[in-house]
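Undergrad: Dropping in entry.txt, which is compact mmCIF, C-alpha atoms:
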```
# COMPACT_ATOMS: atom_id res chain seq x y z
CA MET A 1 98.42 141.63 114.97
CA PRO A 2 100.74 144.07 113.17
CA SER A 3 102.38 142.53 110.11
CA PRO A 4 105.90 143.42 108.96
CA THR A 5 106.64 145.01 105.63
CA ASP A 6 110.15 145.18 104.24
CA SER A 7 111.33 148.79 103.99
CA ARG A 8 115.08 148.51 104.33
CA SER A 9 115.85 150.77 101.40
CA PHE A 10 118.62 153.27 102.09
CA GLY A 11 119.56 151.26 105.19
CA LEU A 12 116.39 152.16 107.07
CA PRO A 13 114.74 149.73 109.50
CA SER A 14 111.60 147.86 108.53
CA VAL A 15 108.19 149.06 109.60
CA ARG A 16 105.00 147.08 110.12
CA ARG A 17 101.54 147.50 108.70
CA VAL A 18 98.94 147.63 111.46
CA PRO A 19 95.14 147.27 111.48
CA VAL A 20 93.18 150.46 110.88
CA LEU A 21 91.81 150.50 114.44
CA GLN A 22 95.16 149.76 116.09
CA PRO A 23 95.34 153.34 117.50
CA LEU A 24 92.51 152.37 119.84
CA VAL A 25 94.68 149.52 121.10
CA TRP A 26 97.51 151.99 121.70
CA LEU A 27 95.18 154.12 123.82
CA ARG A 28 94.11 151.07 125.82
CA ARG A 29 97.72 150.08 126.45
CA GLY A 30 98.59 153.68 127.30
CA TRP A 31 95.79 153.70 129.88
CA GLN A 32 97.15 150.48 131.37
CA ASP A 33 100.60 152.05 131.65
CA MET A 34 99.17 155.17 133.20
CA ARG A 35 97.25 153.18 135.83
CA ALA A 36 100.26 151.02 136.66
CA ILE A 37 102.74 153.91 136.89
CA GLY A 38 100.34 156.07 138.90
CA TRP A 39 101.24 159.46 140.32
CA LEU A 40 104.48 159.82 138.38
CA SER A 41 102.59 159.59 135.11
CA VAL A 42 99.92 162.02 136.28
CA ALA A 43 102.64 164.43 137.44
CA HIS A 44 103.73 164.78 133.81
CA GLY A 45 100.19 165.74 132.89
CA LEU A 46 100.08 168.28 135.70
CA ALA A 47 103.37 169.84 134.55
CA LEU A 48 102.11 170.09 130.97
CA ALA A 49 98.79 171.54 132.15
CA LEU A 50 100.64 174.20 134.16
CA PHE A 51 102.78 174.98 131.14
CA GLY A 52 99.67 175.33 129.00
CA GLY A 53 98.05 177.46 131.68
CA ALA A 54 101.07 179.75 131.67
CA ILE A 55 100.66 180.22 127.92
CA VAL A 56 97.01 181.14 128.43
CA ALA A 57 97.87 183.56 131.24
CA VAL A 58 100.49 185.37 129.16
CA ALA A 59 98.34 185.61 126.03
CA ARG A 60 94.94 185.79 127.74
CA GLU A 61 93.85 189.02 126.07
CA ARG A 62 95.83 188.44 122.89
CA PHE A 63 93.98 185.57 121.30
CA TRP A 64 95.65 186.31 117.99
CA LEU A 65 98.80 185.09 119.75
CA LEU A 66 97.13 182.48 121.94
CA ALA A 67 95.70 180.51 119.01
CA GLY A 68 99.16 180.01 117.52
CA ALA A 69 100.87 179.45 120.88
CA LEU A 70 98.55 176.63 121.91
CA SER A 71 98.87 174.86 118.57
CA GLY A 72 102.64 175.41 118.76
CA PHE A 73 102.54 173.78 122.19
CA MET A 74 101.15 170.65 120.53
CA VAL A 75 103.99 170.68 118.00
CA VAL A 76 106.63 170.27 120.73
CA ALA A 77 104.54 167.81 122.78
CA PRO A 78 106.44 164.73 121.45
CA VAL A 79 109.61 166.07 123.08
CA LEU A 80 107.86 167.04 126.32
CA ALA A 81 106.62 163.44 126.61
CA THR A 82 110.11 161.93 126.38
CA SER A 83 110.21 160.54 129.90
CA LEU A 84 106.74 159.04 129.47
CA TYR A 85 108.20 156.87 126.71
CA ALA A 86 111.01 155.86 129.06
CA LEU A 87 108.52 154.93 131.78
CA SER A 88 106.50 152.78 129.37
CA ARG A 89 109.72 151.12 128.23
CA ALA A 90 110.70 150.39 131.83
CA ARG A 91 107.29 148.83 132.53
CA GLU A 92 107.55 146.76 129.34
CA ARG A 93 110.90 145.41 130.56
CA GLY A 94 109.61 144.68 134.04
CA GLN A 95 111.81 147.36 135.60
CA PRO A 96 110.79 149.79 138.36
CA THR A 97 108.93 152.85 137.04
CA SER A 98 110.44 155.28 139.50
CA PHE A 99 111.45 158.92 139.45
CA GLY A 100 114.97 157.71 138.70
CA VAL A 101 113.81 156.74 135.21
CA VAL A 102 112.57 160.29 134.64
CA ALA A 103 115.75 161.88 136.01
CA LYS A 104 117.98 159.62 133.94
CA THR A 105 115.98 160.34 130.79
CA TRP A 106 116.36 164.11 131.09
CA LEU A 107 119.72 164.44 132.84
CA ASN A 108 121.87 161.40 132.08
CA TRP A 109 120.80 160.21 128.63
CA GLN A 110 124.16 161.19 127.16
CA GLN A 111 125.86 158.49 129.22
CA SER A 112 124.36 155.89 126.89
CA HIS A 113 126.50 157.12 123.99
CA ILE A 114 129.72 155.35 123.17
CA ASN A 115 131.13 158.34 121.31
CA LYS A 116 130.16 161.83 122.39
CA TRP A 117 131.27 163.11 119.00
CA GLY A 118 129.12 160.60 117.16
CA HIS A 119 126.23 161.55 114.92
CA ASP A 120 123.60 160.49 117.44
CA TYR A 121 124.92 162.23 120.56
CA TRP A 122 122.84 165.38 120.22
CA CYS A 123 120.04 163.79 118.21
CA MET A 124 117.28 164.28 120.80
CA ALA A 125 118.33 167.85 121.52
CA GLN A 126 118.51 168.54 117.79
CA PHE A 127 115.05 167.16 117.18
CA GLY A 128 113.64 169.15 120.07
CA ALA A 129 115.23 172.30 118.67
CA LEU A 130 113.77 171.61 115.21
CA LEU A 131 110.29 171.17 116.66
CA ALA A 132 110.70 174.34 118.72
CA ILE A 133 111.69 176.26 115.58
CA ALA A 134 108.68 174.87 113.74
CA ALA A 135 106.39 175.81 116.64
CA THR A 136 107.82 179.32 116.78
CA GLY A 137 107.39 179.72 113.04
CA TRP A 138 103.75 178.70 113.30
CA VAL A 139 103.12 181.03 116.25
CA LEU A 140 104.52 183.97 114.29
CA THR A 141 102.69 182.99 111.10
CA SER A 142 99.39 182.52 112.91
CA ALA A 143 99.73 185.79 114.81
CA ALA A 144 100.64 187.73 111.67
CA LEU A 145 97.81 186.20 109.66
CA ILE A 146 95.13 186.93 112.25
CA THR A 147 96.47 190.38 113.10
CA LEU A 148 96.77 191.56 109.49
CA MET A 149 93.64 189.98 108.02
CA ALA A 150 91.06 190.05 110.82
CA PRO A 151 88.54 192.90 110.39
CA VAL A 152 88.85 193.90 114.06
CA PRO A 153 91.49 193.32 116.76
CA ILE A 154 91.29 189.74 118.08
CA ARG A 155 91.86 189.88 121.83
CA MET A 156 89.49 187.30 123.35
CA PRO A 157 88.27 183.84 122.30
CA ILE A 158 84.83 185.29 121.55
CA ASP A 159 86.45 187.74 119.12
CA PHE A 160 88.12 184.82 117.32
CA LEU A 161 84.84 182.90 117.11
CA ARG A 162 82.82 185.90 115.98
CA HIS A 163 85.18 187.61 113.55
CA VAL A 164 87.29 184.71 112.28
CA VAL A 165 85.45 181.40 112.65
CA ALA A 166 81.91 182.70 112.00
CA ALA A 167 82.82 185.58 109.70
CA ARG A 168 80.43 185.81 106.73
CA GLU A 169 82.96 187.51 104.49
CA GLY A 170 86.47 186.48 103.62
CA TRP A 171 88.32 183.19 104.01
CA LEU A 172 90.54 183.94 106.99
CA PHE A 173 89.53 180.94 109.08
CA GLU A 174 89.84 178.56 106.13
CA LEU A 175 93.25 179.99 105.28
CA TRP A 176 94.32 179.71 108.92
CA LEU A 177 93.27 176.04 108.99
CA LEU A 178 94.92 175.35 105.64
CA LEU A 179 98.25 176.80 106.76
CA GLY A 180 98.03 175.01 110.10
CA GLY A 181 97.30 171.70 108.39
CA ALA A 182 100.11 172.23 105.88
CA LEU A 183 102.50 172.58 108.83
CA ALA A 184 100.96 169.90 111.05
CA ALA A 185 100.92 167.08 108.49
CA PRO A 186 104.69 166.90 107.81
CA ILE A 187 105.47 167.51 111.49
CA PHE A 188 103.21 164.62 112.48
CA ALA A 189 104.79 162.37 109.86
CA SER A 190 108.27 163.40 111.02
CA SER A 191 107.64 162.93 114.74
CA VAL A 192 105.07 160.19 115.28
CA VAL A 193 107.70 157.57 116.26
CA THR A 194 110.89 159.64 116.16
CA MET A 195 111.32 160.49 119.84
CA PRO A 196 110.44 157.01 121.16
CA LEU A 197 112.90 155.56 118.63
CA LEU A 198 115.64 157.98 119.68
CA VAL A 199 114.99 157.20 123.36
CA ASP A 200 115.13 153.46 122.74
CA ARG A 201 117.75 152.97 120.01
CA ARG A 202 121.12 154.49 119.14
CA VAL A 203 120.29 155.80 115.65
CA PRO A 204 121.04 159.05 113.79
CA LEU A 205 118.32 161.67 113.72
CA PRO A 206 117.75 161.53 109.92
CA MET A 207 117.19 157.77 110.12
CA ALA A 208 114.67 158.19 112.94
CA VAL A 209 112.73 160.86 111.03
CA LEU A 210 112.69 158.84 107.80
CA THR A 211 111.53 155.78 109.73
CA SER A 212 108.66 157.86 111.08
CA TRP A 213 107.71 158.85 107.53
CA GLN A 214 107.88 155.20 106.45
CA ALA A 215 105.51 154.20 109.23
CA VAL A 216 102.99 156.84 108.16
CA LEU A 217 103.23 156.01 104.45
CA ALA A 218 102.81 152.29 105.17
CA ASN A 219 99.71 152.92 107.32
CA PRO A 220 97.98 156.04 105.95
CA VAL A 221 94.47 155.26 107.25
CA ALA A 222 95.54 154.03 110.70
CA MET A 223 97.91 156.95 111.14
CA GLY A 224 95.24 159.38 109.97
CA LEU A 225 92.99 158.00 112.71
CA TRP A 226 95.85 158.31 115.20
CA ALA A 227 96.42 161.95 114.24
CA ALA A 228 92.69 162.67 114.59
CA LEU A 229 92.58 161.04 118.03
CA ILE A 230 95.61 163.01 119.21
CA LEU A 231 94.06 166.27 118.01
CA ALA A 232 90.64 165.52 119.49
CA LEU A 233 91.98 164.48 122.90
CA ALA A 234 94.36 167.44 123.04
CA LEU A 235 91.52 169.87 122.27
CA ILE A 236 89.30 168.22 124.88
CA GLY A 237 92.12 168.53 127.40
CA MET A 238 92.51 172.24 126.72
CA VAL A 239 88.86 173.19 127.09
CA PRO A 240 88.34 173.01 130.89
CA LEU A 241 91.11 175.44 131.87
CA MET A 242 93.78 172.97 130.72
CA LEU A 243 92.75 170.56 133.49
CA GLY A 244 91.93 167.86 130.99
CA LEU A 245 95.59 167.73 129.99
CA ILE A 246 96.44 166.20 133.38
CA PRO A 247 95.12 162.73 132.43
CA LEU A 248 95.08 163.02 128.64
CA MET A 249 98.68 164.04 127.94
CA PRO A 250 100.18 161.10 129.88
CA LEU A 251 97.68 158.83 128.15
CA LEU A 252 98.84 160.03 124.72
CA GLY A 253 102.51 159.85 125.72
CA HIS A 254 102.30 156.25 126.88
CA ALA A 255 100.15 155.31 123.88
CA SER A 256 102.78 156.82 121.57
CA TRP A 257 105.34 154.40 122.98
CA HIS A 258 103.10 151.49 122.03
CA ALA A 259 102.56 152.99 118.59
CA TYR A 260 106.33 152.96 118.12
CA ARG A 261 106.67 149.37 119.35
CA ASP A 262 103.96 148.17 116.97
CA LEU A 263 105.18 150.13 113.96
CA VAL A 264 108.98 149.83 114.01
CA VAL A 265 111.04 146.64 113.76
CA ILE A 266 113.96 147.37 116.07
CA SER A 267 115.99 144.29 115.13
CA GLY A 268 119.51 145.26 114.10
CA MET A 269 119.45 148.70 115.74
CA PRO A 270 121.74 149.01 118.77
CA PRO A 271 119.92 149.77 122.02
CA ARG A 272 120.45 153.11 123.70
CA GLU A 273 121.57 151.18 126.77
CA SER A 274 124.06 148.45 125.92
CA GLN A 275 122.86 145.98 128.58
CA PHE A 276 119.61 145.40 126.72
CA THR A 277 119.54 143.29 123.57
CA GLU A 278 115.94 143.12 122.32
CA THR A 279 115.75 142.00 118.72
CA SER A 280 112.12 142.52 117.71
```
In structure tokens, how does this file's structure come out?

TA:
Amino acid sequence: MPSPTDSRSFGLPSVRRVPVLQPLVWLRRGWQDMRAIGWLSVAHGLALALFGGAIVAVARERFWLLAGALSGFMVVAPVLATSLYALSRARERGQPTSFGVVAKTWLNWQQSHINKWGHDYWCMAQFGALLAIAATGWVLTSAALITLMAPVPIRMPIDFLRHVVAAREGWLFELWLLLGGALAAPIFASSVVTMPLLVDRRVPLPMAVLTSWQAVLANPVAMGLWAALILALALIGMVPLMLGLIPLMPLLGHASWHAYRDLVVISGMPPRESQFTETS
């Protein structure tokens, strides 16, 4: 069972330490949510697969752009999965997991704010914009790096494998991975529980991001495993013409909700919807 650790410095909520293999439990719980919710969960995966397919279609013969675009797609995935968190929350509370939950999450979330001029009113939109900026920055950086440093034009995946990944001279692929990792690590730490927390609790964006960092720093090995699982499943989902994203993205979205529930002590934080008063 996850154990709490006091981390209330600077007014932040506490986070829990979890067993190293707890990410596997999150995947199991995510699968249970996905099975229980059914077609509505799978529809999210289909929408994300179509979005990924559109990226591939646009950049099909420009792999120098495609490589960055697909990894940028993963950067904004926590925002795209927002309504999956809401569906898992509804199931946890014993509420219907209907399309109304999805519509309310995307269209009516602002009604849960007491003060539309408060610091948390635009928090989810702000976080989504920040992730989109980070993704765009990586796309441009990746495209510029491959275009300027590759020995030949990189248009197709085979060109990338032959002249970047398997190149005998130069360090382009290693540099590309290093830059990607340097961007991915802080983004992961900043977002691993941020969106579920913002969906569930009325908290300012900086507090949600710092709570996410606390959760990662308190559980470095478990969260490293979680990051590796997310990356591996996302890559597997992309291989067969993006079709693997149909089941895998909902699985990861629902599992991320359970990661948040295990990692963050929500006691003392006002719920996003005032009629609910959970304290744990």

Undergrad: I need the residue nearest Val25 in chain A from this list: A:Leu12, A:Leu243, A:Ala222, A:Val264. Use only C-alpha atoms for the distance.

TA: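 So, comparing all the options, the nearest one is A:Ala222.
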
Undergrad: Have a look at CA of Ala208 in chain A and CA of His44 in chain A and let me know their distance in Å, one decimal.

TA: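 So the answer is 24.5 Å.
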
Undergrad: Please determine, counting only C-alpha atoms, which residue among A:Ile230, A:Ala218, A:Leu235, A:Met223 has the shortest atom-to-atom distance to Gln22 in chain A.

TA: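 Of the candidates, the smallest distance to Gln22 in chain A is held by A:Met223.
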
Undergrad: To one decimal place in Å, what is the distance between CA of Ala43 in chain A and CA of Tyr85 in chain A?

TA: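 A separation of 14.3 Å between them.
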
Undergrad: Nearest to Pro247 in chain A: which of A:Ile37, A:Val42, A:Met195, A:Val20 is it, counting only C-alpha atoms?

TA: A:Val42

Undergrad: Restricting the calculation to all atoms listed in the file, which member of A:Gly45, A:Gly170, A:Gly180, A:Pro151 is positioned closest to Ala134 in chain A?

TA: A:Gly180

Undergrad: Report as a ChimeraX atom specification all protein, DNA and RNA residues lying within 9 Å of Leu252 in chain A, evaluated on all atoms listed in the file, omitting residues in the same chain fewer than 5 positions from it.

TA: /A:26-27,30-31,81,230,233-234,247,257

Undergrad: Taking (120.5, 151.2, 115.7) as a centre in this file's frame and 6 Å as the limit, can you find every polymer residue with an atom that close, using all atoms listed in the file, and give them as a ChimeraX atom specification?

TA: /A:201-203,269-270

Undergrad: Point out the residue among A:Leu178, A:Leu205, A:Met34, A:Ala90 with the least atom-to-atom distance to His254 in chain A, counting all atoms listed in the file.

TA: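 Counting all atoms listed in the file, the residue closest to His254 in chain A is A:Met34.
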
Undergrad: Of the candidates A:Ala103, A:Ala143, A:Ala49, A:Leu197, which shows the shortest atom-to-atom distance to Met124 in chain A, using all atoms listed in the file?

TA: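 Among A:Ala103, A:Ala143, A:Ala49, A:Leu197, it is A:Leu197 that comes nearest to Met124 in chain A.
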
Undergrad: Once you add 4 Å to each side, what are the centre and edge lengths of the axis-aligned box holding all listed atoms of range 155-171 of chain A? One decimal in Å, as lines of an AutoDock Vina configuration file, if you can.

TA:
```
center_x = 86.1
center_y = 185.6
center_z = 113.5
size_x = 19.4
size_y = 16.5
size_z = 27.7
```

Undergrad: Could you name the residues that touch Arg29 in chain A at 12 Å or less, counting only C-alpha atoms, but leaving out those on the same chain fewer than 6 positions away, as a ChimeraX atom specification?

TA: /A:22-23,35-36,88,91-92,250-259,261-262

Undergrad: So the first atom is CA of Leu40 in chain A and the second is CA of Phe99 in chain A; what is the distance between them in Å, to one decimal place?

TA: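 So the answer is 7.1 Å.
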
Undergrad: Save range 214-237 of chain A of the structure in the block above to a file, with N, CA and C atoms included, as a tab-separated table (two decimals), in the first residue's frame.

TA:
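Now in part.tsv:
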```tsv
chain	number	residue	atom	x	y	z
A	214	GLN	N	7.02	16.97	-6.66
A	214	GLN	CA	7.18	16.30	-5.36
A	214	GLN	C	6.94	14.81	-5.47
A	215	ALA	N	5.91	14.43	-6.21
A	215	ALA	CA	5.60	13.01	-6.36
A	215	ALA	C	6.73	12.27	-7.04
A	216	VAL	N	7.34	12.90	-8.05
A	216	VAL	CA	8.45	12.27	-8.76
A	216	VAL	C	9.68	12.18	-7.87
A	217	LEU	N	10.00	13.25	-7.16
A	217	LEU	CA	11.19	13.25	-6.31
A	217	LEU	C	11.05	12.29	-5.12
A	218	ALA	N	9.82	12.08	-4.66
A	218	ALA	CA	9.60	11.14	-3.55
A	218	ALA	C	9.63	9.69	-4.00
A	219	ASN	N	9.45	9.46	-5.32
A	219	ASN	CA	9.39	8.09	-5.85
A	219	ASN	C	10.22	7.98	-7.13
A	220	PRO	N	11.51	8.24	-7.08
A	220	PRO	CA	12.29	8.30	-8.32
A	220	PRO	C	12.32	6.99	-9.10
A	221	VAL	N	12.43	5.86	-8.40
A	221	VAL	CA	12.52	4.57	-9.12
A	221	VAL	C	11.16	4.19	-9.70
A	222	ALA	N	10.11	4.28	-8.89
A	222	ALA	CA	8.77	3.94	-9.37
A	222	ALA	C	8.36	4.85	-10.52
A	223	MET	N	8.66	6.13	-10.42
A	223	MET	CA	8.26	7.04	-11.48
A	223	MET	C	9.14	6.87	-12.72
A	224	GLY	N	10.39	6.46	-12.53
A	224	GLY	CA	11.21	6.11	-13.69
A	224	GLY	C	10.62	4.92	-14.44
A	225	LEU	N	10.15	3.92	-13.68
A	225	LEU	CA	9.48	2.78	-14.32
A	225	LEU	C	8.21	3.22	-15.02
A	226	TRP	N	7.45	4.11	-14.40
A	226	TRP	CA	6.21	4.60	-15.00
A	226	TRP	C	6.50	5.33	-16.31
A	227	ALA	N	7.54	6.17	-16.31
A	227	ALA	CA	7.91	6.88	-17.53
A	227	ALA	C	8.32	5.90	-18.62
A	228	ALA	N	9.08	4.87	-18.26
A	228	ALA	CA	9.51	3.87	-19.24
A	228	ALA	C	8.32	3.10	-19.81
A	229	LEU	N	7.35	2.77	-18.97
A	229	LEU	CA	6.16	2.06	-19.44
A	229	LEU	C	5.34	2.93	-20.39
A	230	ILE	N	5.19	4.20	-20.04
A	230	ILE	CA	4.45	5.11	-20.91
A	230	ILE	C	5.11	5.20	-22.27
A	231	LEU	N	6.44	5.38	-22.27
A	231	LEU	CA	7.17	5.49	-23.53
A	231	LEU	C	7.07	4.21	-24.35
A	232	ALA	N	7.26	3.08	-23.69
A	232	ALA	CA	7.23	1.80	-24.41
A	232	ALA	C	5.85	1.53	-25.02
A	233	LEU	N	4.79	1.74	-24.24
A	233	LEU	CA	3.44	1.48	-24.75
A	233	LEU	C	3.06	2.47	-25.84
A	234	ALA	N	3.49	3.72	-25.70
A	234	ALA	CA	3.20	4.70	-26.74
A	234	ALA	C	3.90	4.34	-28.05
A	235	LEU	N	5.14	3.91	-27.97
A	235	LEU	CA	5.87	3.51	-29.18
A	235	LEU	C	5.25	2.28	-29.81
A	236	ILE	N	4.85	1.31	-28.98
A	236	ILE	CA	4.16	0.12	-29.51
A	236	ILE	C	2.88	0.53	-30.22
A	237	GLY	N	2.15	1.47	-29.63
A	237	GLY	CA	0.89	1.91	-30.22
A	237	GLY	C	1.07	2.60	-31.55
```
